[in-house]
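Asker: One structure follows; several queries about it will come next.
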Amino acid sequence: MENKRNFQKELEQVLTDIKEQKAMGKTLFLHSCCAPCSSYCLEYLRDYFLITVFYYNPNISMKAEYQKRVEEQKRLITAYNQEEKGYPIKIIEGNYNAQEFYDMAKGMESCPEGKERCFACYELRLRETAKQAKAQGFDFFATTLTISPLKNAAKINEIGKKLSKEYGVSWLFSDFKKKNGYKRSIELSAQYELYRQDYCGCIYSKQERERQKSSKCENNF
């Protein structure tokens, strides 16, 4: 079963194989949800891959929020490249059209966070990533989404595996939260003074976060 697989160990094996075969510099099309989540992933992988970050997130409901996040992503990549560690990192910004997300989410508006609506959102973003990776001839595609403790890594990798077969591009299995990856992303966010949002991006996750905050405030009285 996918949820019993150790995706971090599988990733480590891929990196070991690349190093032993002296095949460093293969191309990776890395979908990123935000700068904080990408911080550790880029630090971890830039010694092995020529990475192009693909910033494609139509799930972010508000244009101003989207713009703030994408600018932080670009700022982080500029900072990393100035350090001249590992291979240089590029970025491609995908089309931003929030209606794509709303069309996908139709009928699932009331789904709880982390369930079917989120799974469909993973696939929406990963499908475009796989499509672009194929069209541009990348060796691998992947996503930063698995770094979040709130995201279902098994489901993300299941979708990635399916799309890999469909588009004919190798999927880089991952569970970036492992080996203190999530902790490291928090440290890097502080180091680079990155904007860290407190909800995933869509209006439904924002509403859920506001309910949690409200409930916490009420419980403090």
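Chains: A, B, ... in order of the structure tokens. Residues: from 1 per chain. Ligands: from 1, in order shown.
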Write out as JSON lines the residues of stretch 64-124 of chain A that have any atom within 6 Å of an atom of stretch 46-56 of chain A, one row each with the nearest atom pair and its distance in Å to one decimal, counting only C-alpha atoms, sorted by chain and then rising number.
Answerer:
{"residue": "A:Gly86", "atom": "CA", "partner": "A:Asp47", "partner_atom": "CA", "distance": 4.4}
{"residue": "A:Tyr87", "atom": "CA", "partner": "A:Arg46", "partner_atom": "CA", "distance": 5.5}
{"residue": "A:Ile89", "atom": "CA", "partner": "A:Ile51", "partner_atom": "CA", "distance": 5.3}
{"residue": "A:Lys90", "atom": "CA", "partner": "A:Thr52", "partner_atom": "CA", "distance": 4.5}
{"residue": "A:Ile91", "atom": "CA", "partner": "A:Val53", "partner_atom": "CA", "distance": 4.5}
{"residue": "A:Ile92", "atom": "CA", "partner": "A:Phe54", "partner_atom": "CA", "distance": 5.0}
{"residue": "A:Glu93", "atom": "CA", "partner": "A:Tyr55", "partner_atom": "CA", "distance": 4.8}
{"residue": "A:Gly94", "atom": "CA", "partner": "A:Tyr56", "partner_atom": "CA", "distance": 4.7}
Asker: Take the residues just selected and output them with N, CA and C atoms as a tab-separated table (two decimals), in the first residue's frame.
Answerer:
chain	number	residue	atom	x	y	z
A	86	GLY	N	25.47	24.80	-5.11
A	86	GLY	CA	24.72	23.90	-5.96
A	86	GLY	C	24.48	24.52	-7.33
A	87	TYR	N	23.59	23.89	-8.08
A	87	TYR	CA	23.27	24.38	-9.42
A	87	TYR	C	22.36	25.60	-9.33
A	89	ILE	N	19.17	27.95	-9.89
A	89	ILE	CA	17.75	27.61	-9.89
A	89	ILE	C	17.00	28.59	-10.77
A	90	LYS	N	16.10	28.08	-11.59
A	90	LYS	CA	15.25	28.92	-12.44
A	90	LYS	C	13.81	28.85	-11.92
A	91	ILE	N	12.99	29.74	-12.41
A	91	ILE	CA	11.57	29.72	-12.04
A	91	ILE	C	10.71	30.04	-13.25
A	92	ILE	N	9.61	29.31	-13.35
A	92	ILE	CA	8.57	29.58	-14.34
A	92	ILE	C	7.27	29.79	-13.59
A	93	GLU	N	6.62	30.88	-13.87
A	93	GLU	CA	5.33	31.16	-13.24
A	93	GLU	C	4.22	30.70	-14.17
A	94	GLY	N	3.39	29.78	-13.68
A	94	GLY	CA	2.28	29.30	-14.47
A	94	GLY	C	1.16	30.33	-14.56
Asker: Which neighbours of A:Tyr199 fall inside 7 Å, counting only C-alpha atoms, when residues of the same chain fewer than 5 positions from it are skipped, and could you give them as a list of chain:residue names?
Answerer: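 Answer for this query is A:Ser205, A:Lys206, A:Arg209.
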Asker: For the selection you just gave me, I'd like the residues written to a file as a PDB file, in the first residue's frame, keeping N, CA, C and O atoms.
Answerer:
ATOM      1  N   SER A 205      -9.815  26.748   2.834  1.00  0.00           N
ATOM      2  CA  SER A 205      -8.796  26.584   3.871  1.00  0.00           C
ATOM      3  C   SER A 205      -8.698  27.849   4.726  1.00  0.00           C
ATOM      4  O   SER A 205      -8.460  27.781   5.936  1.00  0.00           O
ATOM      5  N   LYS A 206      -8.897  29.003   4.097  1.00  0.00           N
ATOM      6  CA  LYS A 206      -8.878  30.267   4.840  1.00  0.00           C
ATOM      7  C   LYS A 206     -10.039  30.308   5.835  1.00  0.00           C
ATOM      8  O   LYS A 206      -9.868  30.696   6.994  1.00  0.00           O
ATOM      9  N   ARG A 209      -9.308  28.011   8.740  1.00  0.00           N
ATOM     10  CA  ARG A 209      -8.325  28.602   9.641  1.00  0.00           C
ATOM     11  C   ARG A 209      -8.953  29.674  10.506  1.00  0.00           C
ATOM     12  O   ARG A 209      -8.657  29.775  11.711  1.00  0.00           O
TER      13      ARG A 209
END
Asker: Fewer than 3 positions away in the same chain doesn't count, so skip those; otherwise give me all residues within 8 Å of A:Tyr182, counting only C-alpha atoms, as a VMD selection string.
Answerer: chain A and resid 37 40 147 to 149 176 to 178 185 to 186
Asker: Counting only C-alpha atoms, what is within 9 Å of A:Leu11, bar same-chain residues fewer than 6 positions away, as a ChimeraX atom specification?
Answerer: /A:172-175
Asker: For the selection you just gave me, I'd like the residues written to a file as an mmCIF file, in the first residue's frame, keeping N, CA, C and O atoms.
Answerer:
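The result, stored in out_13.cif:
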data_model
loop_
_atom_site.group_PDB
_atom_site.id
_atom_site.type_symbol
_atom_site.label_atom_id
_atom_site.label_comp_id
_atom_site.auth_asym_id
_atom_site.auth_seq_id
_atom_site.Cartn_x
_atom_site.Cartn_y
_atom_site.Cartn_z
ATOM 1 N N LEU A 172 9.562 12.078 -9.101
ATOM 2 C CA LEU A 172 10.507 11.985 -7.994
ATOM 3 C C LEU A 172 9.710 11.828 -6.700
ATOM 4 O O LEU A 172 9.122 12.782 -6.194
ATOM 5 N N PHE A 173 9.658 10.595 -6.199
ATOM 6 C CA PHE A 173 8.949 10.331 -4.957
ATOM 7 C C PHE A 173 9.591 11.126 -3.827
ATOM 8 O O PHE A 173 10.813 11.308 -3.785
ATOM 9 N N SER A 174 8.772 11.566 -2.884
ATOM 10 C CA SER A 174 9.314 12.355 -1.778
ATOM 11 C C SER A 174 8.388 12.323 -0.574
ATOM 12 O O SER A 174 7.194 12.043 -0.684
ATOM 13 N N ASP A 175 8.969 12.616 0.557
ATOM 14 C CA ASP A 175 8.225 12.974 1.763
ATOM 15 C C ASP A 175 9.143 13.945 2.500
ATOM 16 O O ASP A 175 9.820 13.591 3.460
#
Asker: Leaving out A:Ala133 and any residue of its chain fewer than 5 positions from it, which residues lie within 10 Å of it when counting only C-alpha atoms, given as a PyMOL selection string?
Answerer: chain A and resi 27-30+52+54+127-128+138-142+167-170
Asker: Write the residues you've just listed into a file as an mmCIF file, in the first residue's frame, and include C-alpha atoms for each of them.
Answerer:
data_model
loop_
_atom_site.group_PDB
_atom_site.id
_atom_site.type_symbol
_atom_site.label_atom_id
_atom_site.label_comp_id
_atom_site.auth_asym_id
_atom_site.auth_seq_id
_atom_site.Cartn_x
_atom_site.Cartn_y
_atom_site.Cartn_z
ATOM 1 C CA THR A 27 16.702 18.364 -14.832
ATOM 2 C CA LEU A 28 13.894 18.610 -12.291
ATOM 3 C CA PHE A 29 10.624 20.498 -12.770
ATOM 4 C CA LEU A 30 9.605 21.222 -9.181
ATOM 5 C CA THR A 52 13.258 24.839 -12.451
ATOM 6 C CA PHE A 54 7.101 25.833 -11.383
ATOM 7 C CA ARG A 127 -1.223 17.458 -13.827
ATOM 8 C CA GLU A 128 -0.157 20.841 -15.168
ATOM 9 C CA PHE A 138 12.573 17.504 -18.099
ATOM 10 C CA ASP A 139 14.020 14.319 -16.615
ATOM 11 C CA PHE A 140 11.881 14.441 -13.447
ATOM 12 C CA PHE A 141 8.946 16.289 -11.958
ATOM 13 C CA ALA A 142 8.071 16.657 -8.273
ATOM 14 C CA TYR A 167 2.806 11.711 -19.455
ATOM 15 C CA GLY A 168 5.954 9.615 -19.632
ATOM 16 C CA VAL A 169 8.054 11.734 -17.251
ATOM 17 C CA SER A 170 9.771 10.290 -14.168
#
Asker: DSSP on the backbone: what in stretch 59-162 of chain A comes out helix (DSSP H, G or I), as a VMD selection string?
Answerer: chain A and resid 63 to 83 98 to 105 116 to 135 144 to 147 153 to 162
Asker: Show which residues sit within 9 Å of A:Lys85, as a ChimeraX atom specification. Count only C-alpha atoms, and ignore same-chain residues fewer than 3 positions away.
Answerer: /A:43,46-47,80-82,88
Asker: Go ahead and write the residues just picked, C-alpha atoms, as a compact mmCIF listing (two decimals), in the first residue's frame.
Answerer:
# COMPACT_ATOMS: atom_id res chain seq x y z
CA GLU A 43 18.48 23.47 -0.34
CA ARG A 46 20.13 21.77 -5.67
CA ASP A 47 23.37 19.79 -5.38
CA TYR A 80 19.85 31.17 -3.21
CA ASN A 81 21.43 31.86 -6.58
CA GLN A 82 23.50 34.69 -5.14
CA PRO A 88 21.52 27.66 -10.32
Asker: If you run DSSP over the backbone, which residues in stretch 20-147 of chain A end up strand (DSSP E or B)? Put them as a PyMOL selection string.
Answerer: chain A and resi 26-31+49-55+90-93+140-143
Asker: Suppose we keep N, CA, C and O atoms; can you now write the selection as a CSV table (one decimal), in the first residue's frame?
Answerer:
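Produced file again_11.csv, reproduced below:
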chain,number,residue,atom,x,y,z
A,26,LYS,N,20.9,16.3,-13.7
A,26,LYS,CA,19.6,16.0,-14.4
A,26,LYS,C,18.6,17.1,-14.1
A,26,LYS,O,18.7,17.8,-13.1
A,27,THR,N,17.6,17.3,-15.0
A,27,THR,CA,16.7,18.4,-14.8
A,27,THR,C,15.5,18.0,-14.0
A,27,THR,O,14.9,16.9,-14.2
A,28,LEU,N,15.1,18.8,-13.2
A,28,LEU,CA,13.9,18.6,-12.3
A,28,LEU,C,12.9,19.8,-12.4
A,28,LEU,O,13.3,20.9,-12.2
A,29,PHE,N,11.7,19.5,-12.7
A,29,PHE,CA,10.6,20.5,-12.8
A,29,PHE,C,9.9,20.4,-11.5
A,29,PHE,O,9.1,19.4,-11.2
A,30,LEU,N,10.1,21.3,-10.6
A,30,LEU,CA,9.6,21.2,-9.2
A,30,LEU,C,8.4,22.2,-8.9
A,30,LEU,O,8.6,23.4,-8.9
A,31,HIS,N,7.2,21.6,-8.8
A,31,HIS,CA,6.1,22.4,-8.5
A,31,HIS,C,6.3,22.9,-7.0
A,31,HIS,O,6.7,22.2,-6.1
A,49,PHE,N,20.3,18.3,-8.8
A,49,PHE,CA,19.5,18.6,-10.0
A,49,PHE,C,19.6,20.1,-10.5
A,49,PHE,O,19.9,21.0,-9.7
A,50,LEU,N,19.4,20.2,-11.8
A,50,LEU,CA,19.2,21.5,-12.4
A,50,LEU,C,17.7,21.8,-12.2
A,50,LEU,O,16.9,21.2,-12.9
A,51,ILE,N,17.3,22.6,-11.2
A,51,ILE,CA,15.9,22.8,-10.8
A,51,ILE,C,15.3,24.0,-11.5
A,51,ILE,O,15.9,25.1,-11.5
A,52,THR,N,14.1,23.7,-12.0
A,52,THR,CA,13.3,24.8,-12.5
A,52,THR,C,12.0,24.8,-11.6
A,52,THR,O,11.3,23.8,-11.6
A,53,VAL,N,11.8,25.8,-10.8
A,53,VAL,CA,10.6,25.9,-9.9
A,53,VAL,C,9.4,26.3,-10.8
A,53,VAL,O,9.5,27.2,-11.6
A,54,PHE,N,8.3,25.5,-10.7
A,54,PHE,CA,7.1,25.8,-11.4
A,54,PHE,C,6.1,26.3,-10.4
A,54,PHE,O,5.6,25.6,-9.5
A,55,TYR,N,5.8,27.6,-10.4
A,55,TYR,CA,4.9,28.2,-9.5
A,55,TYR,C,3.5,28.3,-10.1
A,55,TYR,O,3.2,29.2,-10.9
A,90,LYS,N,16.1,28.1,-11.6
A,90,LYS,CA,15.3,28.9,-12.4
A,90,LYS,C,13.8,28.9,-11.9
A,90,LYS,O,13.5,28.0,-11.1
A,91,ILE,N,13.0,29.7,-12.4
A,91,ILE,CA,11.6,29.7,-12.0
A,91,ILE,C,10.7,30.0,-13.3
A,91,ILE,O,11.1,30.9,-14.1
A,92,ILE,N,9.6,29.3,-13.4
A,92,ILE,CA,8.6,29.6,-14.3
A,92,ILE,C,7.3,29.8,-13.6
A,92,ILE,O,6.9,29.0,-12.7
A,93,GLU,N,6.6,30.9,-13.9
A,93,GLU,CA,5.3,31.2,-13.2
A,93,GLU,C,4.2,30.7,-14.2
A,93,GLU,O,4.1,31.1,-15.3
A,140,PHE,N,12.7,14.8,-14.6
A,140,PHE,CA,11.9,14.4,-13.4
A,140,PHE,C,10.9,15.6,-13.2
A,140,PHE,O,11.2,16.7,-13.6
A,141,PHE,N,9.8,15.3,-12.5
A,141,PHE,CA,8.9,16.3,-12.0
A,141,PHE,C,8.6,15.9,-10.5
A,141,PHE,O,8.7,14.7,-10.2
A,142,ALA,N,8.3,16.9,-9.7
A,142,ALA,CA,8.1,16.7,-8.3
A,142,ALA,C,7.3,17.8,-7.7
A,142,ALA,O,7.0,18.8,-8.4
A,143,THR,N,7.0,17.8,-6.4
A,143,THR,CA,6.3,18.9,-5.8
A,143,THR,C,6.8,19.1,-4.3
A,143,THR,O,7.3,18.1,-3.7
Asker: Using only C-alpha atoms, can you tell me which of A:Phe7, A:Tyr204, A:Tyr96, A:Tyr66 comes closest to A:Pro112?
Answerer: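 For A:Pro112, the nearest of the given residues is A:Tyr204.
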Asker: I'd like to know which of A:Glu193, A:Glu123, A:Asp198, A:Glu166 is closest to A:Leu150, using only C-alpha atoms.
Answerer: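 Ranking A:Glu193, A:Glu123, A:Asp198, A:Glu166 by distance to A:Leu150, first place goes to A:Asp198.
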Asker: Expressed in Å to a single decimal, how great is the separation between atom CA of A:Lys131 and atom CA of A:Lys155?
Answerer: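 Taking atom CA of A:Lys131 and atom CA of A:Lys155, their separation equals 19.0 Å.
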Asker: A:Arg125, A:Lys106, A:Lys213, A:Arg75: which is nearest A:Pro36, counting only C-alpha atoms?
Answerer: A:Arg75
Asker: Which polymer residues have any atom within 7 Å of an atom of A:Cys33, counting only C-alpha atoms, with same-chain residues fewer than 6 positions away left out, as a list of chain:residue names?
Answerer: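 After dropping sequence-adjacent residues, the list is A:Tyr55, A:Asn57, A:Thr144, A:Leu145.
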